[in-house]
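work.cif follows; it contains mmCIF, C-alpha atoms.
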```cif
data_entry
#
loop_
_atom_site.label_atom_id
_atom_site.label_comp_id
_atom_site.auth_asym_id
_atom_site.auth_seq_id
_atom_site.Cartn_x
_atom_site.Cartn_y
_atom_site.Cartn_z
CA MET A 113 0.00 0.00 0.00
CA PRO A 114 1.47 3.37 -0.91
CA SER A 115 2.33 5.59 2.06
CA LYS A 116 0.31 8.73 2.49
CA LYS A 117 2.01 11.78 1.08
CA PRO A 118 2.56 14.43 3.74
CA ARG A 119 0.36 17.50 3.37
CA SER A 120 0.67 21.05 4.65
CA TRP A 121 -0.87 21.95 7.97
CA GLY A 122 -2.37 25.09 6.45
CA THR A 123 -1.76 27.99 4.11
CA GLN A 124 -0.19 30.57 6.40
CA THR A 125 3.46 31.64 6.14
CA ILE A 126 6.04 33.39 8.29
CA LEU A 127 9.40 34.98 7.44
CA LEU A 128 12.04 35.25 10.17
CA GLU A 129 15.27 37.21 9.88
CA PHE A 130 18.29 37.32 12.15
CA ALA A 131 22.09 37.30 11.88
CA GLY A 132 22.09 38.04 8.18
CA GLN A 133 19.82 35.22 7.11
CA GLN A 134 16.12 34.82 6.38
CA TYR A 135 14.03 31.73 7.13
CA PHE A 136 10.69 31.26 5.38
CA PHE A 137 8.11 28.76 6.68
CA SER A 138 5.03 27.80 4.67
CA GLY A 139 2.15 25.45 5.35
CA LEU A 140 1.21 26.83 8.79
CA THR A 141 -2.25 26.89 10.29
CA THR A 142 -3.58 30.18 11.65
CA SER A 143 -3.05 28.91 15.19
CA GLN A 144 0.54 27.88 14.48
CA LYS A 145 1.27 31.23 12.85
CA GLN A 146 -0.16 33.10 15.84
CA ARG A 147 2.08 31.16 18.20
CA LEU A 148 5.17 31.77 16.08
CA ASP A 149 4.26 35.46 15.59
CA LYS A 150 4.20 35.82 19.36
CA ARG A 151 7.32 33.77 20.09
CA PHE A 152 9.45 35.31 17.33
CA SER A 153 7.93 38.80 17.18
CA CYS A 154 11.38 40.41 17.36
CA VAL A 155 12.66 38.71 14.21
CA ILE A 156 9.65 38.70 11.89
CA SER A 157 10.36 40.22 8.52
CA ASP A 158 7.83 41.29 5.89
CA ARG A 159 10.00 41.07 2.80
CA ALA A 160 12.46 38.52 1.45
CA THR A 161 15.61 40.44 0.61
CA ARG A 162 18.32 37.83 0.43
CA GLN A 163 18.91 34.12 0.12
CA VAL A 164 16.22 32.40 2.14
CA PHE A 165 16.06 29.03 3.83
CA THR A 166 12.60 27.74 2.89
CA THR A 167 10.82 25.12 4.97
CA ALA A 168 7.50 23.45 4.22
CA MET A 169 5.66 22.59 7.44
CA GLU A 170 4.05 19.22 6.82
CA CYS A 171 1.62 17.07 8.72
CA GLY A 172 1.97 13.31 8.80
CA HIS A 173 2.22 10.28 11.01
CA ILE A 174 5.06 10.25 13.52
CA PRO A 175 5.20 7.07 15.62
CA SER A 176 4.90 7.64 19.36
CA GLU A 177 8.31 7.17 20.93
CA ASP A 178 10.07 7.18 24.24
CA PRO A 179 11.74 10.62 24.48
CA ARG A 180 14.80 8.89 25.98
CA LYS A 181 15.49 7.54 22.50
CA TYR A 182 16.94 10.97 21.73
CA SER A 183 18.92 11.43 24.93
CA VAL A 184 22.70 11.65 24.79
CA ASN A 185 24.47 12.25 28.11
CA ASP A 186 21.10 13.33 29.52
CA PHE A 187 20.74 16.06 26.86
CA TYR A 188 17.98 15.95 24.27
CA THR A 189 19.80 15.37 20.99
CA PRO A 190 17.96 14.78 17.72
CA GLN A 191 19.59 12.16 15.51
CA SER A 192 21.22 13.36 12.29
CA ARG A 193 21.97 11.51 9.08
CA TYR A 194 24.32 13.55 6.97
CA ARG A 195 24.36 13.64 3.17
CA ALA A 196 26.50 15.47 0.64
CA ASP A 197 23.64 17.86 -0.09
CA GLY A 198 22.15 18.17 3.38
CA LEU A 199 20.93 16.10 6.28
CA ASP A 200 17.93 14.29 7.73
CA LEU A 201 16.93 14.99 11.30
CA GLU A 202 14.88 12.79 13.55
CA GLY A 203 13.74 13.90 16.98
CA TYR A 204 10.90 13.55 19.44
CA GLY A 205 7.70 14.19 17.45
CA PHE A 206 9.29 15.27 14.20
CA ARG A 207 11.25 14.30 11.13
CA ALA A 208 13.03 16.89 8.98
CA THR A 209 14.88 17.00 5.72
CA ILE A 210 17.31 19.87 5.27
CA ASP A 211 18.51 20.41 1.73
CA LEU A 212 21.49 22.75 1.49
CA SER A 213 21.39 23.08 -2.31
CA PRO A 214 20.71 26.61 -3.58
CA ALA A 215 16.97 27.45 -3.69
CA ALA A 216 16.06 24.07 -2.22
CA GLU A 217 13.13 23.52 0.09
CA CYS A 218 13.40 21.81 3.46
CA GLN A 219 10.61 19.84 5.12
CA LEU A 220 9.59 19.70 8.76
CA LEU A 221 7.16 16.83 9.29
CA THR A 222 5.18 16.65 12.53
CA GLY A 223 2.13 14.77 13.71
CA ASP A 224 0.58 17.28 16.08
CA GLU A 225 -0.49 20.81 15.16
CA HIS A 226 0.34 22.33 18.54
CA GLN A 227 3.53 20.38 19.14
CA ALA A 228 4.93 21.41 15.74
CA VAL A 229 5.56 24.97 16.92
CA THR A 230 6.79 24.22 20.43
CA PRO A 231 10.42 25.00 21.29
CA ILE A 232 11.43 21.35 21.43
CA ILE A 233 10.55 20.94 17.77
CA PHE A 234 10.41 24.30 16.01
CA GLU A 235 13.16 26.11 17.89
CA ASN A 236 15.53 23.17 17.82
CA TYR A 237 14.94 22.83 14.08
CA LEU A 238 15.53 26.56 13.60
CA ARG A 239 18.79 26.28 15.55
CA VAL A 240 20.01 23.61 13.14
CA LEU A 241 19.07 25.75 10.14
CA ALA A 242 20.84 28.73 11.72
CA ALA A 243 23.97 26.66 12.32
CA TYR A 244 24.14 25.73 8.64
CA ALA A 245 23.31 29.28 7.54
CA ALA A 246 26.22 30.57 9.63
CA LEU A 247 28.55 27.94 8.18
CA MET A 248 27.57 28.88 4.63
CA GLN A 249 28.29 32.55 5.40
CA GLY A 250 31.80 31.79 6.63
CA GLY A 251 30.83 31.98 10.26
CA VAL A 252 29.94 29.78 13.18
CA PHE A 253 26.92 29.09 15.35
CA LEU A 254 28.53 29.14 18.75
CA HIS A 255 27.07 27.67 21.93
CA SER A 256 28.02 30.72 23.97
CA ALA A 257 27.00 33.73 25.98
CA GLY A 258 27.17 36.98 24.03
CA ILE A 259 27.58 40.21 26.00
CA VAL A 260 27.91 43.71 24.56
CA PHE A 261 29.72 46.60 26.22
CA GLY A 262 31.50 49.59 24.72
CA GLY A 263 29.79 48.82 21.42
CA ARG A 264 31.62 45.53 21.04
CA ALA A 265 30.59 41.93 21.54
CA TYR A 266 32.36 39.53 23.88
CA LEU A 267 31.58 35.82 23.61
CA PHE A 268 32.02 33.29 26.39
CA ILE A 269 32.16 29.55 25.88
CA GLY A 270 32.84 26.65 28.19
CA ARG A 271 31.71 23.36 29.56
CA SER A 272 28.17 22.93 30.79
CA GLY A 273 27.91 24.82 34.07
CA ALA A 274 30.99 26.93 33.36
CA GLY A 275 29.07 30.11 34.12
CA LYS A 276 27.70 31.45 30.83
CA SER A 277 24.29 32.28 32.26
CA THR A 278 25.76 33.51 35.55
CA LEU A 279 28.09 35.86 33.71
CA SER A 280 25.23 37.01 31.46
CA ARG A 281 23.07 37.76 34.49
CA LEU A 282 25.87 39.75 36.14
CA ALA A 283 26.39 41.68 32.89
CA LEU A 284 22.69 42.33 32.43
CA ASP A 285 22.41 43.64 36.00
CA SER A 286 25.28 46.00 35.31
CA GLY A 287 23.50 47.46 32.28
CA CYS A 288 25.13 45.53 29.43
CA THR A 289 23.22 44.20 26.43
CA ILE A 290 22.94 40.41 26.20
CA LEU A 291 22.83 38.97 22.69
CA SER A 292 22.03 35.51 24.04
CA ASP A 293 23.16 33.56 27.09
CA ASP A 294 23.01 30.30 25.13
CA ALA A 295 23.86 30.53 21.42
CA ASN A 296 25.26 33.22 19.15
CA ILE A 297 25.97 33.53 15.47
CA VAL A 298 29.37 34.91 14.52
CA LEU A 299 29.78 36.05 10.94
CA ALA A 300 32.81 37.16 8.94
CA LEU A 301 33.18 40.82 7.98
CA ASP A 302 34.76 42.05 4.76
CA ASN A 303 37.65 43.57 6.74
CA GLY A 304 38.70 40.20 8.15
CA GLY A 305 36.97 40.74 11.47
CA PHE A 306 33.86 39.06 12.81
CA GLN A 307 30.53 40.34 14.06
CA ALA A 308 27.79 39.01 16.31
CA GLY A 309 24.16 39.95 16.49
CA PRO A 310 21.12 38.91 18.50
CA VAL A 311 19.46 35.57 17.88
CA PRO A 312 16.05 34.41 19.10
CA PHE A 313 17.61 31.66 21.20
CA ALA A 314 18.05 31.94 24.94
CA GLY A 315 19.11 29.78 27.84
CA GLU A 316 18.33 30.15 31.54
CA LEU A 317 18.19 33.93 31.28
CA GLY A 318 15.35 33.99 28.76
CA GLN A 319 14.91 36.39 25.86
CA VAL A 320 16.23 39.58 27.45
CA ASN A 321 17.32 41.33 24.26
CA THR A 322 14.55 42.95 22.24
CA HIS A 323 16.79 45.20 20.09
CA PHE A 324 17.43 43.01 17.10
CA ASP A 325 19.20 45.71 15.13
CA THR A 326 22.28 45.46 17.38
CA ILE A 327 25.20 44.12 15.35
CA CYS A 328 28.61 44.44 16.98
CA PRO A 329 32.18 43.58 16.05
CA VAL A 330 33.50 40.70 18.11
CA ALA A 331 36.20 42.00 20.43
CA GLY A 332 36.97 38.79 22.27
CA ILE A 333 36.13 35.14 22.72
CA TYR A 334 36.82 33.57 26.09
CA TRP A 335 36.82 30.06 27.50
CA LEU A 336 35.39 30.25 31.02
CA GLU A 337 37.31 28.80 33.94
CA GLN A 338 36.32 29.44 37.52
CA SER A 339 39.04 30.80 39.74
CA ARG A 340 39.52 32.85 42.89
CA GLU A 341 40.94 35.79 41.00
CA ALA A 342 39.95 37.29 37.68
CA SER A 343 42.57 37.06 34.96
CA VAL A 344 42.99 36.33 31.26
CA SER A 345 45.45 33.80 29.87
CA GLN A 346 46.49 32.64 26.40
CA ILE A 347 46.21 29.10 25.01
CA LYS A 348 47.82 27.38 22.05
CA PRO A 349 46.10 27.65 18.66
CA SER A 350 45.35 23.91 18.48
CA LEU A 351 43.54 24.04 21.80
CA GLN A 352 41.67 27.14 20.62
CA THR A 353 40.47 25.22 17.57
CA ALA A 354 39.44 22.21 19.63
CA ARG A 355 37.52 24.29 22.14
CA ILE A 356 35.75 26.49 19.61
CA LEU A 357 34.86 23.46 17.50
CA SER A 358 33.46 21.64 20.51
CA CYS A 359 31.03 24.56 20.95
CA CYS A 360 29.70 24.50 17.37
CA PRO A 361 26.79 22.03 17.66
CA VAL A 362 25.46 19.83 14.85
CA VAL A 363 27.87 21.02 12.17
CA ASN A 364 30.98 19.92 14.09
CA ILE A 365 30.14 16.27 13.46
CA ASP A 366 28.88 16.66 9.89
CA PRO A 367 31.51 14.82 7.83
CA PHE A 368 30.53 16.66 4.66
CA ARG A 369 30.78 20.14 6.17
CA LEU A 370 33.51 19.66 8.81
CA PRO A 371 36.39 20.80 6.57
CA GLN A 372 34.51 24.06 5.88
CA MET A 373 33.75 24.34 9.59
CA LEU A 374 37.45 23.99 10.42
CA ASN A 375 38.25 26.71 7.88
CA ASN A 376 35.69 29.03 9.46
CA VAL A 377 36.97 28.32 12.97
CA HIS A 378 40.54 28.92 11.80
CA SER A 379 39.57 32.30 10.28
CA LEU A 380 37.74 33.25 13.45
CA GLN A 381 40.63 32.45 15.77
CA GLN A 382 43.06 34.24 13.43
CA ALA A 383 40.95 37.38 13.81
CA VAL A 384 39.88 36.90 17.43
CA PRO A 385 42.06 34.39 19.31
CA LEU A 386 40.29 32.38 21.98
CA GLN A 387 41.61 33.23 25.44
CA VAL A 388 40.78 31.89 28.89
CA LEU A 389 38.85 34.06 31.33
CA HIS A 390 39.42 33.01 34.93
CA PHE A 391 36.66 34.46 37.07
CA ARG A 392 34.74 34.07 40.28
CA ARG A 393 30.97 33.67 40.07
CA ASP A 394 30.27 36.33 42.70
CA GLN A 395 32.68 38.85 41.20
CA PRO A 396 31.19 42.24 40.23
CA PHE A 397 30.90 42.39 36.46
CA SER A 398 32.70 45.74 36.49
CA VAL A 399 35.90 43.87 37.46
CA ILE A 400 35.55 41.50 34.51
CA ARG A 401 34.65 44.30 32.13
CA HIS A 402 37.66 46.34 33.20
CA LEU A 403 39.89 43.30 32.70
CA LEU A 404 38.58 42.60 29.21
CA GLU A 405 38.62 46.20 28.04
CA ASN A 406 42.18 46.74 29.15
CA MET B 175 60.92 -10.67 10.87
CA ASP B 176 58.58 -7.68 10.89
CA THR B 177 55.20 -8.84 12.14
CA HIS B 178 53.43 -5.50 11.93
CA PRO B 179 50.70 -5.24 9.27
CA ASP B 180 51.75 -2.82 6.58
CA ALA B 181 48.42 -1.50 5.35
CA LEU B 182 47.16 1.52 7.30
CA THR B 183 43.84 3.26 6.72
CA ILE B 184 42.41 6.02 8.87
CA HIS B 185 38.80 5.43 9.87
CA PRO B 186 36.51 7.61 7.71
CA ASP B 187 34.94 9.18 10.83
CA ILE B 188 38.31 10.57 11.89
CA LEU B 189 39.25 14.01 10.60
CA PHE B 190 42.39 15.91 11.49
CA ARG B 191 43.89 19.27 10.71
CA GLN B 192 47.25 20.92 11.38
CA VAL B 193 46.95 24.09 13.48
CA ASP B 194 50.24 25.96 13.75
CA ASP B 195 52.80 23.48 15.14
CA GLU B 196 50.15 21.12 16.54
CA GLY B 197 46.89 19.69 15.30
CA VAL B 198 43.35 18.70 16.14
CA VAL B 199 41.64 15.37 15.58
CA VAL B 200 37.87 15.12 15.40
CA ASP B 201 36.40 11.72 16.15
CA GLN B 202 32.89 12.09 14.80
CA ARG B 203 31.72 8.86 16.40
CA GLN B 204 31.96 10.16 19.99
CA PRO B 205 31.97 13.10 19.08
CA GLU B 206 35.31 14.20 20.48
CA VAL B 207 37.89 16.81 19.57
CA MET B 208 41.50 16.13 20.59
CA VAL B 209 44.69 18.15 20.41
CA ILE B 210 47.73 16.28 19.09
CA ASN B 211 51.36 17.27 18.74
CA GLY B 212 53.14 18.08 15.49
CA GLN B 213 54.71 14.63 15.08
CA ALA B 214 51.33 12.96 15.42
CA VAL B 215 49.91 15.24 12.72
CA LYS B 216 52.85 14.36 10.48
CA ILE B 217 52.25 10.62 10.97
CA LEU B 218 48.52 10.93 10.27
CA GLU B 219 49.29 12.88 7.09
CA LEU B 220 51.76 10.19 5.99
CA ILE B 221 49.26 7.43 6.72
CA ARG B 222 46.67 9.26 4.63
CA GLU B 223 49.15 9.82 1.79
CA THR B 224 50.84 6.41 1.67
CA GLY B 225 48.60 3.93 3.52
CA SER B 226 51.74 1.95 4.34
CA ARG B 227 53.63 1.56 7.64
CA LYS B 228 56.89 0.96 5.78
CA GLU B 229 56.50 4.14 3.76
CA VAL B 230 55.48 6.14 6.83
CA LEU B 231 58.54 4.83 8.64
CA ALA B 232 60.87 5.60 5.73
CA ALA B 233 59.49 9.15 5.48
CA LEU B 234 59.89 9.71 9.23
CA VAL B 235 63.50 8.49 9.19
CA ARG B 236 64.24 10.84 6.28
CA THR B 237 62.47 13.77 7.95
CA TYR B 238 63.80 13.49 11.49
CA ASN B 239 67.23 12.02 10.73
CA GLY B 240 67.20 10.19 14.07
CA ASP B 241 67.91 6.68 15.29
CA PRO B 242 65.75 4.37 13.09
CA ALA B 243 65.14 1.96 15.97
CA THR B 244 63.79 4.75 18.17
CA ILE B 245 61.63 6.16 15.37
CA THR B 246 60.26 2.67 14.64
CA SER B 247 59.45 2.12 18.29
CA ASP B 248 57.75 5.52 18.61
CA LEU B 249 55.73 4.95 15.43
CA ASP B 250 54.55 1.51 16.51
CA GLU B 251 53.58 2.86 19.91
CA PHE B 252 51.50 5.56 18.23
CA LEU B 253 49.91 3.00 15.89
CA VAL B 254 48.91 0.90 18.91
CA THR B 255 47.19 3.97 20.38
CA LEU B 256 45.38 4.61 17.10
CA ARG B 257 44.23 0.98 16.95
CA GLU B 258 43.12 1.01 20.58
CA ARG B 259 40.98 4.04 19.81
CA GLU B 260 39.77 2.29 16.63
CA MET B 261 41.04 5.17 14.54
CA LEU B 262 42.53 2.77 12.02
CA VAL B 263 40.49 0.28 10.00
#
```

Mind converting the file's structure to structure tokens?
Amino acid sequence: MPSKKPRSWGTQTILLEFAGQQYFFSGLTTSQKQRLDKRFSCVISDRATRQVFTTAMECGHIPSEDPRKYSVNDFYTPQSRYRADGLDLEGYGFRATIDLSPAAECQLLTGDEHQAVTPIIFENYLRVLAAYAALMQGGVFLHSAGIVFGGRAYLFIGRSGAGKSTLSRLALDSGCTILSDDANIVLALDNGGFQAGPVPFAGELGQVNTHFDTICPVAGIYWLEQSREASVSQIKPSLQTARILSCCPVVNIDPFRLPQMLNNVHSLQQAVPLQVLHFRRDQPFSVIRHLLEN
Amino acid sequence: MDTHPDALTIHPDILFRQVDDEGVVVDQRQPEVMVINGQAVKILELIRETGSRKEVLAALVRTYNGDPATITSDLDEFLVTLREREMLV
């Protein structure tokens, strides 16, 4: 018996724009669109002006599964199957096909109208698209905290629990702008530098940045280490590469795109070498800011 | 008599790249990113280029101009590590 062809949920569309890339979603119901309009209100665009990632939202049968099927080290991790021209994603309640060919259309297949636009499906899917969009623009999607002061962006990476959200909260309380306390997109500039801008992804701190026109040159990238005293130290280039790469989710294990990823990481660390920030969690942010600015 | 197998092939899920005087290895099966020293990068490059322990050894002896017995011992020790980590197929 032939399998049923997936069909669209509805006829509504939405266009999102952030970090130099646009993402178009078709096949939404009115209810789904309303939810996405509300969740992503800061990044909705009304006009396609550049290359767009297009996704058809489709409705179909997804077998009920134990969510633990997608757990790796206690973290929810959709399974990826990589291809030369893209990848297939499989996660709790969804299947997706991402085609990276020019002008190609991607598909996000779900079995529940409400669940399709929840963070665990829609936002995680959007994160994957954003990671590939960054790669294709010579940049990286970095699991990091992004903090702006003095008109420049400072990115902080580290192991889980290293203090990204703590540092972001301290910075926010001291009046700094937070790009995201969880994931940031870093893109190459024509002058050899790199820039970072807000993304609609947040960690523990929530979506605290509502000014999505803030694009800042990246002044520093720091690996977080807790210590009694605040200081900055240098590390060897190979360790910089390893640490930055370990913070570039999804794409860093894509065998077809990893060489490009390594090139992008290399360019980034040439322009902005990764350093180590030793800090204490209860330190006033002014101490850290002074250290980084001087 | 040399009992070491000559054919060497790096597992397709292992990628490596020289970075300055060291290198990084990405094991996509874990996934895991490791830092390796310059000699290890050189050996991995030679394995990729020649696929032969004898040719890797000959190239290392030419490059480092050291005691062949020591170089052989160091190479075989490194190959054991690669096999233990299933980085060779």

Picked residues, the PyMOL selection byres ((chain B) within 10 of (chain A)), expected as a PyMOL selection string = chain B and resi 186-211

Restricting it to C-alpha atoms, dump the selection as a short mmCIF file (atom, residue, chain, number, x, y, z; two decimals), keeping the file's coordinate frame.
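Final file, out_19.cif:
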```cif
data_model
loop_
_atom_site.label_atom_id
_atom_site.label_comp_id
_atom_site.auth_asym_id
_atom_site.auth_seq_id
_atom_site.Cartn_x
_atom_site.Cartn_y
_atom_site.Cartn_z
CA PRO B 186 36.51 7.61 7.71
CA ASP B 187 34.94 9.18 10.83
CA ILE B 188 38.31 10.57 11.89
CA LEU B 189 39.25 14.01 10.60
CA PHE B 190 42.39 15.91 11.49
CA ARG B 191 43.89 19.27 10.71
CA GLN B 192 47.25 20.92 11.38
CA VAL B 193 46.95 24.09 13.48
CA ASP B 194 50.24 25.96 13.75
CA ASP B 195 52.80 23.48 15.14
CA GLU B 196 50.15 21.12 16.54
CA GLY B 197 46.89 19.69 15.30
CA VAL B 198 43.35 18.70 16.14
CA VAL B 199 41.64 15.37 15.58
CA VAL B 200 37.87 15.12 15.40
CA ASP B 201 36.40 11.72 16.15
CA GLN B 202 32.89 12.09 14.80
CA ARG B 203 31.72 8.86 16.40
CA GLN B 204 31.96 10.16 19.99
CA PRO B 205 31.97 13.10 19.08
CA GLU B 206 35.31 14.20 20.48
CA VAL B 207 37.89 16.81 19.57
CA MET B 208 41.50 16.13 20.59
CA VAL B 209 44.69 18.15 20.41
CA ILE B 210 47.73 16.28 19.09
CA ASN B 211 51.36 17.27 18.74
#
```

Please write the residues picked by the PyMOL selection byres ((chain B and resi 220-235) around 7) on this file as a PDB file with C-alpha atoms, in the coordinates of the input.
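Output (out07.pdb):
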```
ATOM      1  CA  ASP B 180      51.750  -2.820   6.580  1.00  0.00           C
ATOM      2  CA  ALA B 181      48.420  -1.500   5.350  1.00  0.00           C
ATOM      3  CA  LEU B 182      47.160   1.520   7.300  1.00  0.00           C
ATOM      4  CA  THR B 183      43.840   3.260   6.720  1.00  0.00           C
ATOM      5  CA  ILE B 184      42.410   6.020   8.870  1.00  0.00           C
ATOM      6  CA  LYS B 216      52.850  14.360  10.480  1.00  0.00           C
ATOM      7  CA  ILE B 217      52.250  10.620  10.970  1.00  0.00           C
ATOM      8  CA  LEU B 218      48.520  10.930  10.270  1.00  0.00           C
ATOM      9  CA  GLU B 219      49.290  12.880   7.090  1.00  0.00           C
ATOM     10  CA  ARG B 236      64.240  10.840   6.280  1.00  0.00           C
ATOM     11  CA  THR B 237      62.470  13.770   7.950  1.00  0.00           C
ATOM     12  CA  TYR B 238      63.800  13.490  11.490  1.00  0.00           C
ATOM     13  CA  ASN B 239      67.230  12.020  10.730  1.00  0.00           C
ATOM     14  CA  GLY B 240      67.200  10.190  14.070  1.00  0.00           C
ATOM     15  CA  PRO B 242      65.750   4.370  13.090  1.00  0.00           C
ATOM     16  CA  ILE B 245      61.630   6.160  15.370  1.00  0.00           C
ATOM     17  CA  THR B 246      60.260   2.670  14.640  1.00  0.00           C
TER      18      THR B 246
END
```

Neighbourhood query: residues within 12 Å of (24.7, 40.0, 33.4), file coordinates, counting all atoms listed in the file; return as an MDAnalysis selection string.
-> chainID A and resid 257:261 275:293 316:317 320:321 393:398 400:401

Could you write out as a ChimeraX atom specification the residues that the PyMOL selection byres ((chain A and resi 216) around 12) matches in the shown file?
-> /A:136,163-168,197-198,209-215,217-219

In Å, with one decimal, what is the gap from atom CA of Ala131 of chain A to atom CA of Ala242 of chain A?
-> 8.7 Å

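Atom CA of Leu404 of chain A is found 14.6 Å from atom CA of Glu337 of chain A.
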
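Coordinates place atom CA of Leu220 of chain A at a distance of 9.1 Å from atom CA of Ile233 of chain A.
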
Write out as a short mmCIF file (atom, residue, chain, number, x, y, z; two decimals) with C-alpha atoms, keeping the file's coordinate frame the residues lying within 10 Å of Arg264 of chain A, counting all atoms listed in the file and excluding same-chain residues fewer than 5 positions away.
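Result file around35.cif:
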```cif
data_model
loop_
_atom_site.label_atom_id
_atom_site.label_comp_id
_atom_site.auth_asym_id
_atom_site.auth_seq_id
_atom_site.Cartn_x
_atom_site.Cartn_y
_atom_site.Cartn_z
CA ILE A 259 27.58 40.21 26.00
CA GLN A 307 30.53 40.34 14.06
CA ALA A 308 27.79 39.01 16.31
CA ILE A 327 25.20 44.12 15.35
CA CYS A 328 28.61 44.44 16.98
CA PRO A 329 32.18 43.58 16.05
CA VAL A 330 33.50 40.70 18.11
CA ALA A 331 36.20 42.00 20.43
CA GLY A 332 36.97 38.79 22.27
CA GLU A 405 38.62 46.20 28.04
#
```
